[in-house]
$ cat protein_34.txt   # compact mmCIF, C-alpha atoms and all ligand atoms
# COMPACT_ATOMS: atom_id res chain seq x y z
CA MET A 23 75.55 -61.37 319.94
CA ALA A 24 78.41 -62.00 322.34
CA GLY A 25 81.83 -60.64 321.41
CA PHE A 26 85.26 -61.56 322.74
CA GLU A 27 85.07 -59.44 325.83
CA GLY A 28 82.74 -61.84 327.68
CA GLY A 29 85.31 -64.64 327.78
CA ALA A 30 83.36 -67.09 325.58
CA MET A 31 84.83 -67.12 322.08
CA HIS A 32 82.38 -66.03 319.44
CA GLY A 33 83.07 -64.85 315.90
CA ARG A 34 81.55 -61.78 314.34
CA PHE A 35 78.83 -61.97 311.71
CA ILE A 36 79.02 -59.45 308.85
CA THR A 37 76.56 -59.37 305.95
CA PHE A 38 76.59 -57.51 302.64
CA GLU A 39 73.31 -56.37 301.13
CA GLY A 40 72.07 -54.26 298.24
CA GLY A 41 70.61 -54.57 294.77
CA GLU A 42 71.94 -56.33 291.73
CA GLY A 43 75.53 -55.60 290.68
CA THR A 44 76.28 -53.25 293.59
CA GLY A 45 79.56 -55.06 294.36
CA LYS A 46 78.54 -57.33 297.25
CA SER A 47 80.52 -60.38 296.09
CA THR A 48 83.56 -58.24 295.27
CA HIS A 49 83.63 -56.49 298.66
CA ALA A 50 82.68 -59.52 300.74
CA ALA A 51 85.73 -61.28 299.25
CA MET A 52 88.02 -58.24 299.71
CA LEU A 53 86.98 -57.83 303.35
CA ALA A 54 87.42 -61.55 304.07
CA ALA A 55 90.94 -61.44 302.57
CA ARG A 56 91.85 -58.38 304.62
CA LEU A 57 90.61 -59.92 307.87
CA LYS A 58 92.54 -63.13 307.09
CA SER A 59 95.69 -61.10 306.51
CA PHE A 60 95.45 -60.09 310.19
CA GLY A 61 95.34 -63.74 311.26
CA ILE A 62 91.60 -63.79 311.91
CA GLY A 63 89.74 -67.00 311.01
CA VAL A 64 87.17 -66.10 308.34
CA GLN A 65 84.42 -68.01 306.59
CA LEU A 66 83.30 -66.32 303.37
CA THR A 67 79.85 -67.48 302.29
CA ARG A 68 76.73 -66.42 300.40
CA GLU A 69 72.96 -66.69 300.21
CA PRO A 70 71.01 -68.34 298.86
CA GLY A 71 73.50 -71.15 299.29
CA GLY A 72 76.67 -71.56 301.32
CA SER A 73 75.92 -75.14 302.42
CA LEU A 74 75.18 -78.26 300.43
CA GLY A 75 71.43 -78.26 301.03
CA ALA A 76 71.14 -74.51 300.53
CA GLU A 77 73.12 -74.62 297.27
CA MET A 78 70.59 -77.16 295.94
CA MET A 79 67.78 -74.76 296.85
CA ARG A 80 69.73 -71.88 295.27
CA TYR A 81 69.77 -73.70 291.97
CA ILE A 82 65.99 -74.17 292.08
CA LEU A 83 65.29 -70.59 293.19
CA LEU A 84 67.51 -68.85 290.65
CA SER A 85 66.32 -71.06 287.79
CA GLY A 86 62.91 -69.36 288.14
CA ALA A 87 61.16 -72.74 288.59
CA VAL A 88 59.55 -71.58 291.86
CA ARG A 89 58.39 -68.21 290.53
CA PRO A 90 54.99 -69.47 289.24
CA LEU A 91 54.23 -70.72 292.77
CA GLY A 92 54.30 -67.13 294.05
CA PRO A 93 56.35 -65.00 296.47
CA ASN A 94 55.11 -66.85 299.60
CA VAL A 95 56.59 -70.11 298.38
CA GLU A 96 59.78 -68.35 297.30
CA ALA A 97 60.07 -66.78 300.78
CA LEU A 98 59.61 -70.21 302.39
CA LEU A 99 62.28 -71.76 300.20
CA PHE A 100 64.75 -68.92 300.89
CA ALA A 101 64.04 -69.48 304.60
CA ALA A 102 64.59 -73.24 304.26
CA ALA A 103 67.93 -72.62 302.53
CA ARG A 104 68.88 -70.15 305.29
CA ASP A 105 68.00 -72.68 307.99
CA ASP A 106 70.37 -75.25 306.50
CA HIS A 107 73.08 -72.61 305.98
CA LEU A 108 72.81 -71.35 309.57
CA ASN A 109 72.76 -74.80 311.15
CA THR A 110 75.50 -76.44 309.14
CA LEU A 111 77.89 -73.56 308.47
CA ILE A 112 77.25 -70.18 310.07
CA ARG A 113 76.49 -71.13 313.69
CA PRO A 114 79.25 -73.76 313.97
CA ALA A 115 81.77 -71.25 312.55
CA LEU A 116 80.74 -68.44 314.91
CA ALA A 117 80.87 -70.82 317.86
CA ARG A 118 84.51 -71.62 316.96
CA GLY A 119 85.37 -67.92 316.96
CA ILE A 120 85.44 -67.67 313.17
CA TRP A 121 84.23 -64.43 311.58
CA VAL A 122 81.52 -65.05 309.00
CA VAL A 123 81.29 -62.72 305.99
CA CYS A 124 78.08 -63.43 304.09
CA ASP A 125 77.04 -62.12 300.65
CA ARG A 126 73.28 -61.47 301.28
CA PHE A 127 71.23 -62.72 304.23
CA ALA A 128 67.78 -62.18 305.78
CA ASP A 129 67.54 -58.52 304.70
CA SER A 130 67.32 -59.76 301.11
CA THR A 131 64.16 -61.68 302.04
CA ARG A 132 62.78 -58.57 303.75
CA VAL A 133 63.36 -56.48 300.62
CA TYR A 134 62.90 -58.90 297.67
CA GLN A 135 60.05 -61.01 299.02
CA GLY A 136 58.67 -58.53 301.60
CA ALA A 137 58.92 -54.91 300.45
CA VAL A 138 58.87 -55.66 296.71
CA GLY A 139 57.26 -59.12 296.50
CA ARG A 140 54.52 -58.03 298.96
CA VAL A 141 54.70 -61.09 301.18
CA ASP A 142 52.90 -60.15 304.40
CA GLN A 143 55.29 -58.52 306.91
CA ARG A 144 53.99 -60.87 309.64
CA THR A 145 55.08 -63.85 307.56
CA ILE A 146 58.52 -62.31 306.91
CA ARG A 147 58.99 -61.52 310.62
CA ALA A 148 57.79 -64.97 311.70
CA LEU A 149 60.19 -66.72 309.31
CA GLU A 150 63.05 -64.56 310.55
CA ARG A 151 62.20 -65.28 314.18
CA ILE A 152 62.05 -69.04 313.59
CA VAL A 153 65.04 -69.38 311.26
CA VAL A 154 67.46 -66.60 312.27
CA GLY A 155 66.50 -66.29 315.93
CA GLU A 156 69.40 -64.79 317.86
CA THR A 157 71.91 -65.25 315.02
CA LYS A 158 71.50 -61.69 313.76
CA PRO A 159 74.35 -60.00 311.92
CA ASP A 160 76.62 -57.79 314.06
CA LEU A 161 77.08 -55.49 311.08
CA THR A 162 75.35 -55.16 307.70
CA ILE A 163 77.01 -53.20 304.91
CA ILE A 164 74.46 -51.97 302.38
CA LEU A 165 76.04 -51.10 299.06
CA ASP A 166 74.17 -48.52 297.01
CA VAL A 167 74.29 -47.62 293.32
CA PRO A 168 71.49 -46.43 291.01
CA ALA A 169 69.55 -49.47 289.76
CA ALA A 170 70.50 -48.87 286.12
CA GLU A 171 74.22 -48.82 287.00
CA GLY A 172 73.91 -52.04 289.02
CA LEU A 173 72.18 -53.77 286.11
CA ARG A 174 74.84 -52.47 283.74
CA ARG A 175 77.64 -53.86 285.92
CA ALA A 176 75.85 -57.21 286.35
CA ALA A 177 75.26 -57.51 282.60
CA ALA A 178 78.89 -56.64 281.82
CA ARG A 179 80.10 -59.29 284.29
CA ARG A 180 77.65 -61.90 282.91
CA GLY A 181 78.72 -61.38 279.30
CA LYS A 182 76.68 -63.61 276.98
CA GLY A 183 75.17 -65.76 279.80
CA ALA A 184 71.39 -65.69 280.35
CA PRO A 185 70.01 -63.43 283.12
CA ASP A 186 68.68 -65.30 286.19
CA ARG A 187 65.18 -65.05 287.71
CA TYR A 188 65.83 -61.61 289.24
CA GLU A 189 68.24 -60.14 286.71
CA GLY A 190 65.46 -60.49 284.12
CA GLU A 191 63.07 -58.19 286.03
CA ALA A 192 62.32 -54.66 284.73
CA LEU A 193 64.23 -51.54 285.85
CA ALA A 194 61.25 -50.42 287.99
CA PHE A 195 61.58 -53.63 290.04
CA HIS A 196 65.27 -52.89 290.69
CA GLU A 197 64.48 -49.27 291.61
CA LYS A 198 62.00 -50.54 294.22
CA LEU A 199 64.67 -52.86 295.57
CA ARG A 200 67.02 -49.92 295.96
CA GLU A 201 64.36 -47.98 297.89
CA GLY A 202 63.84 -51.03 300.11
CA PHE A 203 67.53 -51.26 300.99
CA LEU A 204 67.78 -47.49 301.57
CA ALA A 205 64.81 -47.70 303.96
CA LEU A 206 66.47 -50.57 305.80
CA ALA A 207 69.65 -48.51 306.31
CA THR A 208 67.59 -45.62 307.68
CA ASN A 209 65.48 -47.82 309.96
CA GLU A 210 68.29 -49.87 311.52
CA PRO A 211 71.30 -47.54 311.89
CA ASP A 212 72.77 -49.53 314.79
CA ARG A 213 73.31 -52.57 312.59
CA CYS A 214 73.30 -51.24 309.01
CA VAL A 215 75.73 -48.85 307.31
CA LEU A 216 75.06 -47.47 303.85
CA VAL A 217 78.06 -47.21 301.51
CA ASP A 218 78.09 -45.26 298.24
CA ALA A 219 79.32 -47.94 295.82
CA MET A 220 79.63 -45.51 292.87
CA GLN A 221 83.13 -44.72 294.11
CA PRO A 222 86.06 -46.67 292.66
CA LYS A 223 86.42 -50.20 294.10
CA ASP A 224 89.47 -49.42 296.24
CA GLN A 225 87.79 -46.44 297.85
CA VAL A 226 84.68 -48.50 298.61
CA ALA A 227 86.91 -51.20 300.14
CA GLU A 228 88.72 -48.61 302.31
CA GLN A 229 85.43 -47.17 303.54
CA ILE A 230 84.18 -50.67 304.42
CA TRP A 231 87.42 -51.39 306.29
CA ARG A 232 87.07 -48.18 308.29
CA ILE A 233 83.48 -49.12 309.24
CA VAL A 234 84.47 -52.67 310.26
CA SER A 235 87.46 -51.37 312.25
CA LYS A 236 85.35 -48.81 314.07
CA ARG A 237 82.35 -51.01 314.80
CA LEU A 238 83.90 -54.43 315.39
CA ASP A 239 87.52 -53.67 316.29
CA PRO A 240 89.24 -56.62 314.53
CA ALA A 241 92.45 -55.81 316.45
CA THR A 242 90.87 -57.42 319.54
CA ALA A 243 90.01 -60.70 317.75
CA PRO A 244 91.98 -63.77 318.74
CA ILE A 245 94.45 -64.85 316.05
CA GLN A 246 93.54 -68.23 314.54
CA PHE A 247 96.52 -69.26 312.45
CA GLU A 248 95.05 -72.61 311.45
CA GLU A 249 91.73 -71.18 310.26
CA ALA A 250 93.32 -68.14 308.63
CA ALA A 251 95.51 -70.37 306.53
CA ARG A 252 92.51 -71.84 304.66
N1 LIG B 301 67.40 -63.31 296.93
C1 LIG B 301 66.10 -63.16 297.38
O1 LIG B 301 65.20 -62.83 296.60
N2 LIG B 301 65.81 -63.40 298.69
C2 LIG B 301 66.75 -63.79 299.58
O2 LIG B 301 66.46 -64.00 300.76
C3 LIG B 301 68.10 -63.93 299.10
C4 LIG B 301 68.38 -63.68 297.77
C5 LIG B 301 69.19 -64.34 300.04
C6 LIG B 301 70.83 -64.07 294.28
O3 LIG B 301 71.51 -63.79 293.14
C7 LIG B 301 69.43 -63.56 294.04
O4 LIG B 301 68.57 -64.09 295.05
C8 LIG B 301 69.39 -62.07 294.19
C9 LIG B 301 68.38 -61.78 295.28
C10 LIG B 301 67.69 -63.08 295.51
N3 LIG B 301 68.93 -61.38 293.08
N4 LIG B 301 69.40 -61.35 292.00
N5 LIG B 301 69.75 -61.30 290.95
P1 LIG B 301 73.09 -63.78 292.99
O5 LIG B 301 73.73 -64.21 294.24
O6 LIG B 301 73.38 -64.56 291.76
O7 LIG B 301 73.33 -62.27 292.59
P2 LIG B 301 73.36 -60.96 293.44
O8 LIG B 301 73.36 -61.28 294.89
O9 LIG B 301 72.33 -60.03 292.98
O10 LIG B 301 74.76 -60.35 293.16
P3 LIG B 301 75.39 -59.98 291.80
O11 LIG B 301 74.48 -59.60 290.72
O12 LIG B 301 76.28 -61.16 291.54
O13 LIG B 301 76.15 -58.65 292.09
P4 LIG B 301 77.11 -58.20 293.27
O14 LIG B 301 77.65 -59.35 294.03
O15 LIG B 301 76.43 -57.14 294.03
O16 LIG B 301 78.29 -57.48 292.45
P5 LIG B 301 79.75 -58.03 292.03
O17 LIG B 301 79.62 -59.33 291.32
O18 LIG B 301 80.67 -57.91 293.14
O19 LIG B 301 80.11 -56.87 290.98
C11 LIG B 301 79.46 -56.79 289.74
C12 LIG B 301 80.45 -56.21 288.70
O20 LIG B 301 80.71 -54.86 289.05
C13 LIG B 301 81.79 -56.95 288.71
O21 LIG B 301 82.26 -57.03 287.40
C14 LIG B 301 82.68 -56.05 289.55
O22 LIG B 301 84.03 -56.14 289.20
C15 LIG B 301 82.12 -54.67 289.23
N6 LIG B 301 82.29 -53.71 290.33
C16 LIG B 301 82.20 -53.95 291.66
N7 LIG B 301 82.43 -52.82 292.36
C17 LIG B 301 82.65 -51.85 291.45
C18 LIG B 301 82.94 -50.46 291.55
N8 LIG B 301 83.04 -49.82 292.73
N9 LIG B 301 83.08 -49.76 290.41
C19 LIG B 301 82.97 -50.37 289.22
N10 LIG B 301 82.72 -51.68 289.05
C20 LIG B 301 82.55 -52.41 290.15

$ encode --input "protein_34.txt" --output "structure tokens"
Amino acid sequence: MAGFEGGAMHGRFITFEGGEGTGKSTHAAMLAARLKSFGIGVQLTREPGGSLGAEMMRYILLSGAVRPLGPNVEALLFAAARDDHLNTLIRPALARGIWVVCDRFADSTRVYQGAVGRVDQRTIRALERIVVGETKPDLTIILDVPAAEGLRRAAARRGKGAPDRYEGEALAFHEKLREGFLALATNEPDRCVLVDAMQPKDQVAEQIWRIVSKRLDPATAPIQFEEAAR
């Protein structure tokens, strides 16, 4: 993806990935706030969802209504939601020079539907090629905690609310997810950085900031006062 050096303005695309309760939402929001404090225009978003159409699909997916139709159909619906999200929010923002910080993206399909759900890798790759195309993340932060700790944190945050379609899965499912994300970090070191999220929140946030500073050099980003004020 083009940066600022080529003349054409293009924002950076950062995604957060990892299992349940690893701190993705917390750290995506903390990073977005820190970038904004430097005057950088930032769009904080999430998947599934982030756009009107995709949020409708999120509701259906997380309700568990699609589960009986099998992982292929779930993968297609996640891809459909991503297509709407990319076309209506992510690509327009990047084209305006806005940095996009996204809580989950295509790696979640690779791991949840692919590695764990056993959707054929050719299907996963084809969907990614069609939907994501060239809009690949510049940087993916993978947050890692033992599956049991992630589930504990997610349950504590949820309180008395009912678990969603994935939170209700057994510990073994979440352990496989963790393995899937660890494998991703090993296989794509140029894009993915693994962060030990067992450290206290502030330390995790500092480590993420160091990674972003080193890899994407926010100091060179054009200041967008209007966007940063949002
Ligand atoms: N899914 C899929 O299958 N395929 C796809 O392509 C996509 C998604 C895109 C979306 O659920 C589900 O969709 C997801 C995968 C599937 N599976 N599930 N479940 P979601 O968006 O509702 O939930 P989530 O993405 O799994 O995130 P989460 O459970 O909300 O957790 P989180 O964002 O990683 O964590 P958090 O909310 O930031 O933190 C959890 C709690 O821990 C909270 O109280 C924090 O204050 C606390 N916390 C955070 N960091 C720390 C540290 N360092 N120490 C102690 N406590 C901490």

$ closest_atom_pairs --input "protein_34.txt" --of "chain A" --to "ligand LIG 301 (chain B)" --cutoff "7 Å" --atoms "only C-alpha atoms and all ligand atoms" --output "JSON lines"
{"residue": "A:Gly40", "atom": "CA", "partner": "B:LIG301", "partner_atom": "O15", "distance": 6.7}
{"residue": "A:Gly41", "atom": "CA", "partner": "B:LIG301", "partner_atom": "O9", "distance": 6.0}
{"residue": "A:Glu42", "atom": "CA", "partner": "B:LIG301", "partner_atom": "O9", "distance": 3.9}
{"residue": "A:Gly43", "atom": "CA", "partner": "B:LIG301", "partner_atom": "O13", "distance": 3.4}
{"residue": "A:Thr44", "atom": "CA", "partner": "B:LIG301", "partner_atom": "O15", "distance": 3.9}
{"residue": "A:Gly45", "atom": "CA", "partner": "B:LIG301", "partner_atom": "O18", "distance": 3.3}
{"residue": "A:Lys46", "atom": "CA", "partner": "B:LIG301", "partner_atom": "O15", "distance": 3.9}
{"residue": "A:Ser47", "atom": "CA", "partner": "B:LIG301", "partner_atom": "O14", "distance": 3.7}
{"residue": "A:Thr48", "atom": "CA", "partner": "B:LIG301", "partner_atom": "O18", "distance": 3.6}
{"residue": "A:His49", "atom": "CA", "partner": "B:LIG301", "partner_atom": "O18", "distance": 6.4}
{"residue": "A:Glu69", "atom": "CA", "partner": "B:LIG301", "partner_atom": "C5", "distance": 4.4}
{"residue": "A:Pro70", "atom": "CA", "partner": "B:LIG301", "partner_atom": "C5", "distance": 4.6}
{"residue": "A:Leu84", "atom": "CA", "partner": "B:LIG301", "partner_atom": "O4", "distance": 6.6}
{"residue": "A:Ala97", "atom": "CA", "partner": "B:LIG301", "partner_atom": "O2", "distance": 7.0}
{"residue": "A:Phe100", "atom": "CA", "partner": "B:LIG301", "partner_atom": "O2", "distance": 5.2}
{"residue": "A:Asp125", "atom": "CA", "partner": "B:LIG301", "partner_atom": "O8", "distance": 6.9}
{"residue": "A:Arg126", "atom": "CA", "partner": "B:LIG301", "partner_atom": "C5", "distance": 5.1}
{"residue": "A:Phe127", "atom": "CA", "partner": "B:LIG301", "partner_atom": "C5", "distance": 4.9}
{"residue": "A:Ala128", "atom": "CA", "partner": "B:LIG301", "partner_atom": "O2", "distance": 5.5}
{"residue": "A:Asp129", "atom": "CA", "partner": "B:LIG301", "partner_atom": "O2", "distance": 6.8}
{"residue": "A:Ser130", "atom": "CA", "partner": "B:LIG301", "partner_atom": "O2", "distance": 4.3}
{"residue": "A:Thr131", "atom": "CA", "partner": "B:LIG301", "partner_atom": "O2", "distance": 3.5}
{"residue": "A:Tyr134", "atom": "CA", "partner": "B:LIG301", "partner_atom": "O1", "distance": 4.7}
{"residue": "A:Gln135", "atom": "CA", "partner": "B:LIG301", "partner_atom": "O1", "distance": 6.0}
{"residue": "A:Arg175", "atom": "CA", "partner": "B:LIG301", "partner_atom": "O20", "distance": 4.5}
{"residue": "A:Ala176", "atom": "CA", "partner": "B:LIG301", "partner_atom": "C11", "distance": 5.0}
{"residue": "A:Ala178", "atom": "CA", "partner": "B:LIG301", "partner_atom": "O21", "distance": 6.5}
{"residue": "A:Arg179", "atom": "CA", "partner": "B:LIG301", "partner_atom": "O21", "distance": 4.4}
{"residue": "A:Asp186", "atom": "CA", "partner": "B:LIG301", "partner_atom": "N5", "distance": 6.3}
{"residue": "A:Arg187", "atom": "CA", "partner": "B:LIG301", "partner_atom": "N5", "distance": 6.7}
{"residue": "A:Tyr188", "atom": "CA", "partner": "B:LIG301", "partner_atom": "N5", "distance": 4.3}
{"residue": "A:Glu189", "atom": "CA", "partner": "B:LIG301", "partner_atom": "N5", "distance": 4.6}
{"residue": "A:Ala219", "atom": "CA", "partner": "B:LIG301", "partner_atom": "N8", "distance": 5.2}
{"residue": "A:Met220", "atom": "CA", "partner": "B:LIG301", "partner_atom": "N8", "distance": 5.5}
{"residue": "A:Gln221", "atom": "CA", "partner": "B:LIG301", "partner_atom": "N8", "distance": 5.3}
{"residue": "A:Pro222", "atom": "CA", "partner": "B:LIG301", "partner_atom": "N8", "distance": 4.4}
{"residue": "A:Lys223", "atom": "CA", "partner": "B:LIG301", "partner_atom": "N8", "distance": 3.7}
{"residue": "A:Val226", "atom": "CA", "partner": "B:LIG301", "partner_atom": "N8", "distance": 6.2}

$ atom_distance --input "protein_34.txt" --atom1 "CA of Asp160 in chain A" --atom2 "CA of Leu111 in chain A"
16.8 Å

$ atom_distance --input "protein_34.txt" --atom1 "CA of Ala103 in chain A" --atom2 "CA of Leu74 in chain A"
9.4 Å

$ atom_distance --input "protein_34.txt" --atom1 "CA of Ser73 in chain A" --atom2 "CA of Gln246 in chain A"
22.5 Å

$ closest_residue --input "protein_34.txt" --among "A:Ala115, A:Leu204, A:Ala76, A:Met52" --to "Asp224 in chain A" --atoms "all atoms listed in the file"
A:Met52

$ axis_aligned_box --input "protein_34.txt" --around "range 76-95 of chain A" --padding-each-side "4 Å" --output "JSON"
{"center_x": 63.7, "center_y": -71.1, "center_z": 294.2, "size_x": 26.9, "size_y": 20.2, "size_z": 20.7}

$ residues_near_point --input "protein_34.txt" --point "(60.3, -57.9, 296.2)" --cutoff "12 Å" --atoms "only C-alpha atoms" --output "number ranges by chain"
A: 41, 89, 92-94, 96-97, 129-143, 146, 188, 191, 194-203

$ write_last_selection --input "protein_34.txt" --atoms "C-alpha atoms" --output "CSV table (one decimal), keeping the file's coordinate frame"
chain,number,residue,atom,x,y,z
A,41,GLY,CA,70.6,-54.6,294.8
A,89,ARG,CA,58.4,-68.2,290.5
A,92,GLY,CA,54.3,-67.1,294.0
A,93,PRO,CA,56.4,-65.0,296.5
A,94,ASN,CA,55.1,-66.8,299.6
A,96,GLU,CA,59.8,-68.4,297.3
A,97,ALA,CA,60.1,-66.8,300.8
A,129,ASP,CA,67.5,-58.5,304.7
A,130,SER,CA,67.3,-59.8,301.1
A,131,THR,CA,64.2,-61.7,302.0
A,132,ARG,CA,62.8,-58.6,303.8
A,133,VAL,CA,63.4,-56.5,300.6
A,134,TYR,CA,62.9,-58.9,297.7
A,135,GLN,CA,60.0,-61.0,299.0
A,136,GLY,CA,58.7,-58.5,301.6
A,137,ALA,CA,58.9,-54.9,300.4
A,138,VAL,CA,58.9,-55.7,296.7
A,139,GLY,CA,57.3,-59.1,296.5
A,140,ARG,CA,54.5,-58.0,299.0
A,141,VAL,CA,54.7,-61.1,301.2
A,142,ASP,CA,52.9,-60.2,304.4
A,143,GLN,CA,55.3,-58.5,306.9
A,146,ILE,CA,58.5,-62.3,306.9
A,188,TYR,CA,65.8,-61.6,289.2
A,191,GLU,CA,63.1,-58.2,286.0
A,194,ALA,CA,61.2,-50.4,288.0
A,195,PHE,CA,61.6,-53.6,290.0
A,196,HIS,CA,65.3,-52.9,290.7
A,197,GLU,CA,64.5,-49.3,291.6
A,198,LYS,CA,62.0,-50.5,294.2
A,199,LEU,CA,64.7,-52.9,295.6
A,200,ARG,CA,67.0,-49.9,296.0
A,201,GLU,CA,64.4,-48.0,297.9
A,202,GLY,CA,63.8,-51.0,300.1
A,203,PHE,CA,67.5,-51.3,301.0

$ closest_residue --input "protein_34.txt" --among "A:Leu193, A:Ala227, A:Ile62, A:Val234" --to "Gly119 in chain A" --atoms "all atoms listed in the file"
A:Ile62

$ residues_around --input "protein_34.txt" --residues "Thr157 in chain A" --least-positions-apart "4" --cutoff "12 Å" --atoms "only C-alpha atoms" --output "ChimeraX atom specification"
/A:23-24,32-37,104-105,107-109,112-117,122,127-128,150-153,161

$ build_atoms --input "protein_34.txt" --residues "range 144-151 of chain A" --atoms "all heavy atoms" --output "CSV table (one decimal), in the frame of the given file"
chain,number,residue,atom,x,y,z
A,144,ARG,N,54.1,-59.9,308.5
A,144,ARG,CA,54.0,-60.9,309.6
A,144,ARG,C,54.6,-62.2,309.3
A,144,ARG,O,55.3,-62.8,310.1
A,144,ARG,CB,52.5,-61.1,310.1
A,144,ARG,CG,52.0,-59.9,310.9
A,144,ARG,CD,50.5,-60.0,311.0
A,144,ARG,NE,49.9,-60.1,309.7
A,144,ARG,CZ,48.6,-60.2,309.5
A,144,ARG,NH1,47.7,-60.1,310.5
A,144,ARG,NH2,48.1,-60.2,308.2
A,145,THR,N,54.5,-62.6,308.0
A,145,THR,CA,55.1,-63.8,307.6
A,145,THR,C,56.6,-63.7,307.5
A,145,THR,O,57.3,-64.6,308.0
A,145,THR,CB,54.6,-64.2,306.1
A,145,THR,OG1,53.2,-64.2,306.2
A,145,THR,CG2,55.1,-65.5,305.7
A,146,ILE,N,57.1,-62.6,307.0
A,146,ILE,CA,58.5,-62.3,306.9
A,146,ILE,C,59.1,-62.3,308.3
A,146,ILE,O,60.1,-62.9,308.6
A,146,ILE,CB,58.8,-61.0,306.2
A,146,ILE,CG1,58.3,-60.9,304.8
A,146,ILE,CG2,60.3,-60.6,306.3
A,146,ILE,CD1,59.1,-61.7,303.8
A,147,ARG,N,58.5,-61.6,309.2
A,147,ARG,CA,59.0,-61.5,310.6
A,147,ARG,C,59.0,-62.9,311.3
A,147,ARG,O,59.9,-63.3,312.0
A,147,ARG,CB,58.2,-60.5,311.4
A,147,ARG,CG,58.6,-59.1,311.2
A,147,ARG,CD,58.1,-58.1,312.3
A,147,ARG,NE,56.7,-58.1,312.4
A,147,ARG,CZ,55.9,-57.2,311.7
A,147,ARG,NH1,56.5,-56.3,310.9
A,147,ARG,NH2,54.6,-57.2,311.8
A,148,ALA,N,57.9,-63.6,311.1
A,148,ALA,CA,57.8,-65.0,311.7
A,148,ALA,C,58.9,-65.9,311.2
A,148,ALA,O,59.6,-66.6,312.0
A,148,ALA,CB,56.4,-65.6,311.4
A,149,LEU,N,59.1,-65.9,309.9
A,149,LEU,CA,60.2,-66.7,309.3
A,149,LEU,C,61.5,-66.3,309.9
A,149,LEU,O,62.4,-67.2,310.2
A,149,LEU,CB,60.2,-66.6,307.8
A,149,LEU,CG,59.1,-67.2,307.0
A,149,LEU,CD1,59.2,-66.9,305.5
A,149,LEU,CD2,59.1,-68.8,307.2
A,150,GLU,N,61.8,-65.0,310.0
A,150,GLU,CA,63.0,-64.6,310.6
A,150,GLU,C,63.2,-65.0,312.0
A,150,GLU,O,64.3,-65.4,312.4
A,150,GLU,CB,63.1,-63.0,310.4
A,150,GLU,CG,64.5,-62.6,310.2
A,150,GLU,CD,64.6,-61.1,309.9
A,150,GLU,OE1,64.1,-60.7,308.8
A,150,GLU,OE2,65.3,-60.4,310.7
A,151,ARG,N,62.1,-64.9,312.8
A,151,ARG,CA,62.2,-65.3,314.2
A,151,ARG,C,62.5,-66.8,314.3
A,151,ARG,O,63.4,-67.2,315.1
A,151,ARG,CB,60.8,-65.0,314.8
A,151,ARG,CG,60.9,-64.8,316.3
A,151,ARG,CD,59.6,-64.2,316.9
A,151,ARG,NE,58.4,-64.9,316.5
A,151,ARG,CZ,57.5,-64.4,315.7
A,151,ARG,NH1,57.6,-63.2,315.3
A,151,ARG,NH2,56.4,-65.1,315.4
